[in-house]
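Printed here is run.json (JSON, C-alpha atoms):
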[["chain", "number", "residue", "atom", "x", "y", "z"],
["J", 1, "MET", "CA", 180.69, -5.58, 240.24],
["J", 2, "ILE", "CA", 184.49, -5.86, 240.01],
["J", 3, "ILE", "CA", 184.28, -9.64, 240.47],
["J", 4, "GLU", "CA", 181.70, -9.90, 237.67],
["J", 5, "VAL", "CA", 183.90, -7.87, 235.30],
["J", 6, "ARG", "CA", 186.92, -10.06, 236.13],
["J", 7, "LEU", "CA", 184.81, -13.17, 235.56],
["J", 8, "VAL", "CA", 183.61, -11.93, 232.15],
["J", 9, "VAL", "CA", 187.15, -10.90, 231.13],
["J", 10, "GLY", "CA", 188.48, -14.28, 232.29],
["J", 11, "LEU", "CA", 185.85, -16.15, 230.31],
["J", 12, "LEU", "CA", 186.53, -14.06, 227.20],
["J", 13, "PHE", "CA", 190.26, -14.73, 227.55],
["J", 14, "LEU", "CA", 189.60, -18.47, 227.94],
["J", 15, "MET", "CA", 187.33, -18.55, 224.90],
["J", 16, "LEU", "CA", 189.85, -16.62, 222.80],
["J", 17, "SER", "CA", 192.67, -18.96, 223.89],
["J", 18, "MET", "CA", 190.61, -22.02, 222.98],
["J", 19, "LEU", "CA", 189.77, -20.53, 219.58],
["J", 20, "ILE", "CA", 193.43, -19.81, 218.85],
["J", 21, "LEU", "CA", 194.47, -23.32, 219.93],
["J", 22, "PHE", "CA", 191.71, -24.88, 217.82],
["J", 23, "ARG", "CA", 192.83, -22.95, 214.73],
["J", 24, "LEU", "CA", 196.48, -23.88, 215.29],
["J", 25, "ASP", "CA", 195.49, -27.51, 215.81],
["J", 26, "GLU", "CA", 193.43, -27.44, 212.61],
["J", 27, "LYS", "CA", 196.39, -26.09, 210.62],
["J", 28, "PHE", "CA", 198.73, -28.70, 212.12],
["J", 29, "TYR", "CA", 196.49, -31.60, 211.12],
["J", 30, "ALA", "CA", 195.73, -30.12, 207.70],
["J", 31, "ASN", "CA", 199.46, -29.99, 206.91],
["J", 32, "ASP", "CA", 199.99, -33.41, 208.46],
["J", 33, "ALA", "CA", 197.31, -35.07, 206.32],
["J", 34, "GLN", "CA", 198.91, -33.82, 203.11],
["J", 35, "SER", "CA", 202.20, -35.59, 203.88],
["J", 36, "VAL", "CA", 200.69, -39.06, 204.38],
["J", 37, "THR", "CA", 201.18, -41.72, 201.71],
["J", 38, "TYR", "CA", 199.19, -44.88, 201.04],
["J", 39, "THR", "CA", 201.73, -47.13, 202.71],
["J", 40, "THR", "CA", 201.54, -45.08, 205.92],
["J", 41, "PRO", "CA", 197.91, -44.05, 206.44],
["J", 42, "PRO", "CA", 197.32, -41.57, 209.29],
["J", 43, "ILE", "CA", 196.20, -44.23, 211.73],
["J", 44, "ALA", "CA", 199.25, -46.35, 210.94],
["J", 45, "ARG", "CA", 201.89, -43.81, 211.83],
["J", 46, "LYS", "CA", 204.16, -44.62, 214.74],
["J", 47, "GLU", "CA", 203.24, -41.42, 216.62],
["J", 48, "PHE", "CA", 200.10, -43.21, 217.78],
["J", 49, "PRO", "CA", 201.28, -45.59, 220.50],
["J", 50, "VAL", "CA", 199.12, -48.69, 220.36],
["J", 51, "SER", "CA", 199.66, -52.43, 220.57],
["J", 52, "ALA", "CA", 199.27, -54.71, 217.58],
["J", 53, "ARG", "CA", 196.20, -56.28, 219.17],
["J", 54, "GLY", "CA", 194.70, -52.90, 220.02],
["J", 55, "TYR", "CA", 195.30, -51.69, 216.49],
["J", 56, "ALA", "CA", 193.77, -54.85, 215.03],
["J", 57, "ARG", "CA", 190.76, -54.50, 217.32],
["J", 58, "SER", "CA", 190.14, -51.00, 215.97],
["J", 59, "MET", "CA", 190.01, -52.33, 212.40],
["J", 60, "VAL", "CA", 187.14, -54.83, 212.62],
["J", 61, "SER", "CA", 183.96, -55.81, 214.46],
["J", 62, "VAL", "CA", 184.09, -57.97, 217.60],
["J", 63, "ASP", "CA", 183.16, -61.16, 215.72],
["J", 64, "GLU", "CA", 185.76, -60.49, 213.06],
["J", 65, "TYR", "CA", 188.38, -59.69, 215.71],
["J", 66, "VAL", "CA", 187.88, -63.06, 217.38],
["J", 67, "ALA", "CA", 188.67, -64.76, 214.05],
["J", 68, "LEU", "CA", 191.50, -62.31, 213.26],
["J", 69, "HIS", "CA", 193.07, -62.96, 216.67],
["J", 70, "GLU", "CA", 192.90, -66.72, 216.29],
["J", 71, "LEU", "CA", 194.30, -66.63, 212.76],
["J", 72, "ILE", "CA", 197.21, -64.37, 213.74],
["J", 73, "MET", "CA", 197.91, -66.60, 216.75],
["J", 74, "LEU", "CA", 198.09, -69.64, 214.43],
["J", 75, "GLU", "CA", 200.30, -67.85, 211.91],
["J", 76, "SER", "CA", 202.76, -65.86, 214.03],
["J", 77, "SER", "CA", 201.69, -65.77, 217.70],
["J", 78, "TRP", "CA", 201.44, -61.97, 217.25],
["J", 79, "ASN", "CA", 205.17, -61.73, 216.47],
["J", 80, "PRO", "CA", 205.65, -59.06, 213.75],
["J", 81, "ASP", "CA", 209.17, -60.41, 213.12],
["J", 82, "ALA", "CA", 208.06, -64.03, 212.58],
["J", 83, "GLN", "CA", 209.85, -65.51, 209.56],
["J", 84, "ASN", "CA", 208.94, -68.88, 208.04],
["J", 85, "LYS", "CA", 212.09, -70.97, 207.62],
["J", 86, "LYS", "CA", 210.73, -72.74, 204.53],
["J", 87, "SER", "CA", 209.34, -69.76, 202.57],
["J", 88, "THR", "CA", 209.27, -65.98, 202.31],
["J", 89, "ALA", "CA", 206.25, -65.82, 204.66],
["J", 90, "TYR", "CA", 206.86, -62.99, 207.13],
["J", 91, "GLY", "CA", 205.17, -60.99, 209.86],
["J", 92, "LEU", "CA", 201.89, -61.21, 211.72],
["J", 93, "GLY", "CA", 199.91, -62.60, 208.80],
["J", 94, "GLN", "CA", 202.81, -64.57, 207.31],
["J", 95, "LEU", "CA", 202.34, -62.95, 203.92],
["J", 96, "LEU", "CA", 204.63, -64.14, 201.12],
["J", 97, "ASP", "CA", 206.88, -61.66, 199.30],
["J", 98, "GLN", "CA", 204.73, -62.03, 196.16],
["J", 99, "THR", "CA", 201.58, -61.28, 198.18],
["J", 100, "TRP", "CA", 203.09, -57.96, 199.32],
["J", 101, "VAL", "CA", 203.81, -57.16, 195.68],
["J", 102, "ASN", "CA", 200.29, -58.16, 194.58],
["J", 103, "LEU", "CA", 198.78, -55.99, 197.31],
["J", 104, "ASN", "CA", 200.93, -53.05, 196.17],
["J", 105, "ILE", "CA", 202.11, -52.50, 199.73],
["J", 106, "GLU", "CA", 205.78, -52.28, 200.64],
["J", 107, "LYS", "CA", 206.86, -55.13, 202.94],
["J", 108, "SER", "CA", 207.36, -53.72, 206.42],
["J", 109, "ASP", "CA", 208.35, -54.71, 209.93],
["J", 110, "ASP", "CA", 205.75, -52.24, 211.29],
["J", 111, "PHE", "CA", 202.84, -54.22, 212.72],
["J", 112, "ARG", "CA", 200.41, -51.53, 211.55],
["J", 113, "ILE", "CA", 201.41, -51.94, 207.91],
["J", 114, "GLN", "CA", 201.42, -55.72, 208.33],
["J", 115, "LEU", "CA", 197.87, -55.67, 209.69],
["J", 116, "ILE", "CA", 196.69, -53.36, 206.90],
["J", 117, "ALA", "CA", 198.24, -55.66, 204.27],
["J", 118, "THR", "CA", 196.89, -58.81, 205.91],
["J", 119, "HIS", "CA", 193.43, -57.28, 206.21],
["J", 120, "LYS", "CA", 193.49, -56.27, 202.54],
["J", 121, "TYR", "CA", 194.56, -59.80, 201.59],
["J", 122, "VAL", "CA", 191.90, -61.49, 203.74],
["J", 123, "MET", "CA", 189.09, -59.23, 202.53],
["J", 124, "GLY", "CA", 190.12, -59.67, 198.90],
["J", 125, "ARG", "CA", 190.45, -63.45, 199.03],
["J", 126, "TYR", "CA", 187.87, -64.53, 201.62],
["J", 127, "GLY", "CA", 185.62, -61.55, 202.26],
["J", 128, "SER", "CA", 185.89, -61.89, 206.04],
["J", 129, "TRP", "CA", 188.24, -62.99, 208.79],
["J", 130, "VAL", "CA", 185.75, -65.66, 209.86],
["J", 131, "LYS", "CA", 185.84, -67.28, 206.40],
["J", 132, "ALA", "CA", 189.65, -66.99, 206.28],
["J", 133, "LEU", "CA", 189.93, -68.76, 209.64],
["J", 134, "GLU", "CA", 187.53, -71.51, 208.53],
["J", 135, "PHE", "CA", 189.67, -72.05, 205.42],
["J", 136, "ARG", "CA", 192.86, -72.07, 207.50],
["J", 137, "LYS", "CA", 191.47, -74.69, 209.89],
["J", 138, "ALA", "CA", 190.34, -76.90, 207.00],
["J", 139, "ASN", "CA", 193.50, -76.59, 204.88],
["J", 140, "GLY", "CA", 196.41, -75.66, 207.16],
["J", 141, "TYR", "CA", 197.07, -72.43, 205.24],
["J", 142, "TYR", "CA", 195.08, -69.43, 204.08]]

Write-out of the structure in C-alpha coordinates:
Amino acid sequence: MIIEVRLVVGLLFLMLSMLILFRLDEKFYANDAQSVTYTTPPIARKEFPVSARGYARSMVSVDEYVALHELIMLESSWNPDAQNKKSTAYGLGQLLDQTWVNLNIEKSDDFRIQLIATHKYVMGRYGSWVKALEFRKANGYY
(Lines of atoms letter the chains of each structure in order from A and count residues from 1; the text may use other names and numbers.)
(Lines give C-alpha, C1' and ligand atoms only; values in the text may rest on other atoms or scores of the structure.)
Protein backbone atom coordinates (compact mmCIF):
# COMPACT_ATOMS: atom_id res chain seq x y z
CA MET A 1 0.00 0.00 0.00
CA ILE A 2 2.80 2.43 0.90
CA ILE A 3 4.62 1.60 -2.34
CA GLU A 4 1.45 2.26 -4.37
CA VAL A 5 0.95 5.64 -2.68
CA ARG A 6 4.58 6.60 -3.35
CA LEU A 7 4.20 5.51 -6.97
CA VAL A 8 1.05 7.61 -7.43
CA VAL A 9 2.65 10.63 -5.73
CA GLY A 10 5.77 10.20 -7.88
CA LEU A 11 3.73 10.03 -11.06
CA LEU A 12 1.70 13.10 -10.08
CA PHE A 13 4.92 15.00 -9.33
CA LEU A 14 6.37 13.96 -12.71
CA MET A 15 3.22 15.01 -14.56
CA LEU A 16 3.13 18.36 -12.76
CA SER A 17 6.82 18.97 -13.54
CA MET A 18 6.27 18.19 -17.22
CA LEU A 19 3.28 20.52 -17.34
CA ILE A 20 5.26 23.36 -15.78
CA LEU A 21 8.19 22.81 -18.16
CA PHE A 22 5.84 22.69 -21.15
CA ARG A 23 4.22 25.99 -20.15
CA LEU A 24 7.61 27.65 -19.60
CA ASP A 25 8.83 26.32 -22.94
CA GLU A 26 5.68 27.63 -24.65
CA LYS A 27 6.23 31.11 -23.19
CA PHE A 28 9.90 31.09 -24.21
CA TYR A 29 9.11 30.28 -27.84
CA ALA A 30 6.16 32.67 -27.96
CA ASN A 31 8.44 35.55 -26.91
CA ASP A 32 11.19 34.33 -29.21
CA ALA A 33 8.93 34.27 -32.28
CA GLN A 34 7.92 37.90 -31.76
CA SER A 35 11.53 39.10 -31.99
CA VAL A 36 12.29 37.48 -35.36
CA THR A 37 12.55 39.66 -38.47
CA TYR A 38 12.22 38.72 -42.13
CA THR A 39 15.96 38.70 -42.72
CA THR A 40 16.47 36.23 -39.87
CA PRO A 41 13.59 33.73 -39.95
CA PRO A 42 13.44 31.33 -36.98
CA ILE A 43 15.07 28.47 -38.85
CA ALA A 44 17.88 30.74 -40.01
CA ARG A 45 19.09 31.85 -36.60
CA LYS A 46 22.57 30.82 -35.57
CA GLU A 47 21.35 29.06 -32.40
CA PHE A 48 20.46 26.10 -34.60
CA PRO A 49 23.79 24.43 -35.38
CA VAL A 50 23.57 22.96 -38.86
CA SER A 51 25.82 22.78 -41.91
CA ALA A 52 25.09 24.72 -45.07
CA ARG A 53 24.37 21.47 -46.91
CA GLY A 54 22.12 20.21 -44.12
CA TYR A 55 20.24 23.48 -44.08
CA ALA A 56 19.86 23.44 -47.86
CA ARG A 57 18.64 19.84 -47.74
CA SER A 58 15.89 20.86 -45.32
CA MET A 59 14.63 23.50 -47.77
CA VAL A 60 13.80 21.38 -50.82
CA SER A 61 12.85 17.92 -52.08
CA VAL A 62 15.50 15.31 -52.86
CA ASP A 63 15.37 15.96 -56.62
CA GLU A 64 15.63 19.70 -56.11
CA TYR A 65 18.50 19.23 -53.63
CA VAL A 66 20.53 17.30 -56.19
CA ALA A 67 20.23 20.26 -58.58
CA LEU A 68 20.78 22.81 -55.78
CA HIS A 69 23.93 20.98 -54.67
CA GLU A 70 25.37 20.84 -58.17
CA LEU A 71 24.58 24.49 -58.85
CA ILE A 72 26.15 25.67 -55.58
CA MET A 73 29.20 23.49 -56.28
CA LEU A 74 29.59 25.16 -59.69
CA GLU A 75 29.12 28.66 -58.27
CA SER A 76 31.06 28.62 -54.99
CA SER A 77 32.05 25.07 -53.99
CA TRP A 78 29.89 25.62 -50.88
CA ASN A 79 32.11 28.50 -49.73
CA PRO A 80 29.87 31.19 -48.16
CA ASP A 81 32.76 33.69 -48.43
CA ALA A 82 33.35 33.12 -52.16
CA GLN A 83 33.85 36.46 -53.92
CA ASN A 84 33.99 36.82 -57.71
CA LYS A 85 37.05 38.86 -58.67
CA LYS A 86 35.33 40.34 -61.74
CA SER A 87 31.96 41.34 -60.24
CA THR A 88 30.03 41.84 -57.02
CA ALA A 89 28.91 38.17 -57.06
CA TYR A 90 29.28 36.83 -53.51
CA GLY A 91 28.47 33.82 -51.36
CA LEU A 92 27.11 30.36 -51.97
CA GLY A 93 24.84 31.37 -54.84
CA GLN A 94 27.14 34.12 -56.16
CA LEU A 95 24.35 36.68 -56.04
CA LEU A 96 25.18 40.17 -57.31
CA ASP A 97 24.76 43.19 -55.03
CA GLN A 98 21.80 44.36 -57.13
CA THR A 99 20.16 40.94 -56.79
CA TRP A 100 20.29 41.23 -52.99
CA VAL A 101 18.63 44.64 -53.30
CA ASN A 102 15.97 43.31 -55.71
CA LEU A 103 15.22 40.43 -53.34
CA ASN A 104 14.86 42.89 -50.45
CA ILE A 105 17.24 40.82 -48.35
CA GLU A 106 20.28 42.31 -46.66
CA LYS A 107 23.54 40.87 -48.03
CA SER A 108 24.99 38.53 -45.43
CA ASP A 109 27.92 36.24 -44.77
CA ASP A 110 25.55 33.83 -42.97
CA PHE A 111 25.05 30.77 -45.16
CA ARG A 112 21.44 30.49 -43.99
CA ILE A 113 20.56 33.94 -45.27
CA GLN A 114 22.52 33.28 -48.46
CA LEU A 115 20.58 30.07 -49.09
CA ILE A 116 17.25 31.78 -48.40
CA ALA A 117 18.14 34.60 -50.83
CA THR A 118 19.43 32.21 -53.48
CA HIS A 119 16.34 30.03 -53.15
CA LYS A 120 14.09 33.08 -53.50
CA TYR A 121 16.04 34.15 -56.59
CA VAL A 122 15.94 30.70 -58.20
CA MET A 123 12.23 30.18 -57.54
CA GLY A 124 11.38 33.65 -58.85
CA ARG A 125 13.44 33.39 -62.02
CA TYR A 126 13.34 29.69 -62.91
CA GLY A 127 10.63 28.10 -60.80
CA SER A 128 12.87 25.23 -59.72
CA TRP A 129 16.47 24.35 -58.97
CA VAL A 130 16.42 21.76 -61.76
CA LYS A 131 15.52 24.42 -64.35
CA ALA A 132 18.11 26.83 -62.91
CA LEU A 133 20.81 24.17 -63.22
CA GLU A 134 19.78 23.37 -66.80
CA PHE A 135 20.05 27.08 -67.65
CA ARG A 136 23.43 27.32 -65.91
CA LYS A 137 24.82 24.36 -67.86
CA ALA A 138 23.57 25.78 -71.16
CA ASN A 139 24.69 29.38 -70.60
CA GLY A 140 27.52 29.40 -68.05
CA TYR A 141 25.55 31.62 -65.65
CA TYR A 142 22.13 31.61 -64.04

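When all atoms listed in the file are used to measure the gap to Val130 in chain J, the shortest distance among J:Gln114, J:Asn102, J:Asn79, J:Tyr142 belongs to J:Tyr142.
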
Please write out, as JSON, where the centre of an axis-aligned box around all listed atoms of range 121-140 of chain J lies and how long its edges are, in Å to one decimal, after adding 4 Å on each side.
{"center_x": 191.0, "center_y": -68.1, "center_z": 204.4, "size_x": 18.8, "size_y": 25.7, "size_z": 19.0}

- Kindly indicate which residue among J:Thr99, J:Ser51, J:Gln83, J:Ser76 lies nearest to Gly124 in chain J, using all atoms listed in the file for the distances.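 Answer, going by the shortest atom-to-atom distance: J:Thr99.
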
- Could you check which of J:Leu92, J:Val60, J:Leu133, J:Val66 is closest to Ser108 in chain J, using only C-alpha atoms? J:Leu92

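Note that CA of Lys85 in chain J and CA of Met123 in chain J are 26.3 Å apart.
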
- Computed interatomic separation between CA of Thr118 in chain J and CA of Asn84 in chain J (Å):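 Between CA of Thr118 in chain J and CA of Asn84 in chain J the gap is 15.8 Å.
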
- Note on the structure: Between J:Phe111, J:Ser128, J:Gly91, J:Tyr141, smallest distance to Asp63 in chain J by all atoms listed in the file belongs to J:Ser128
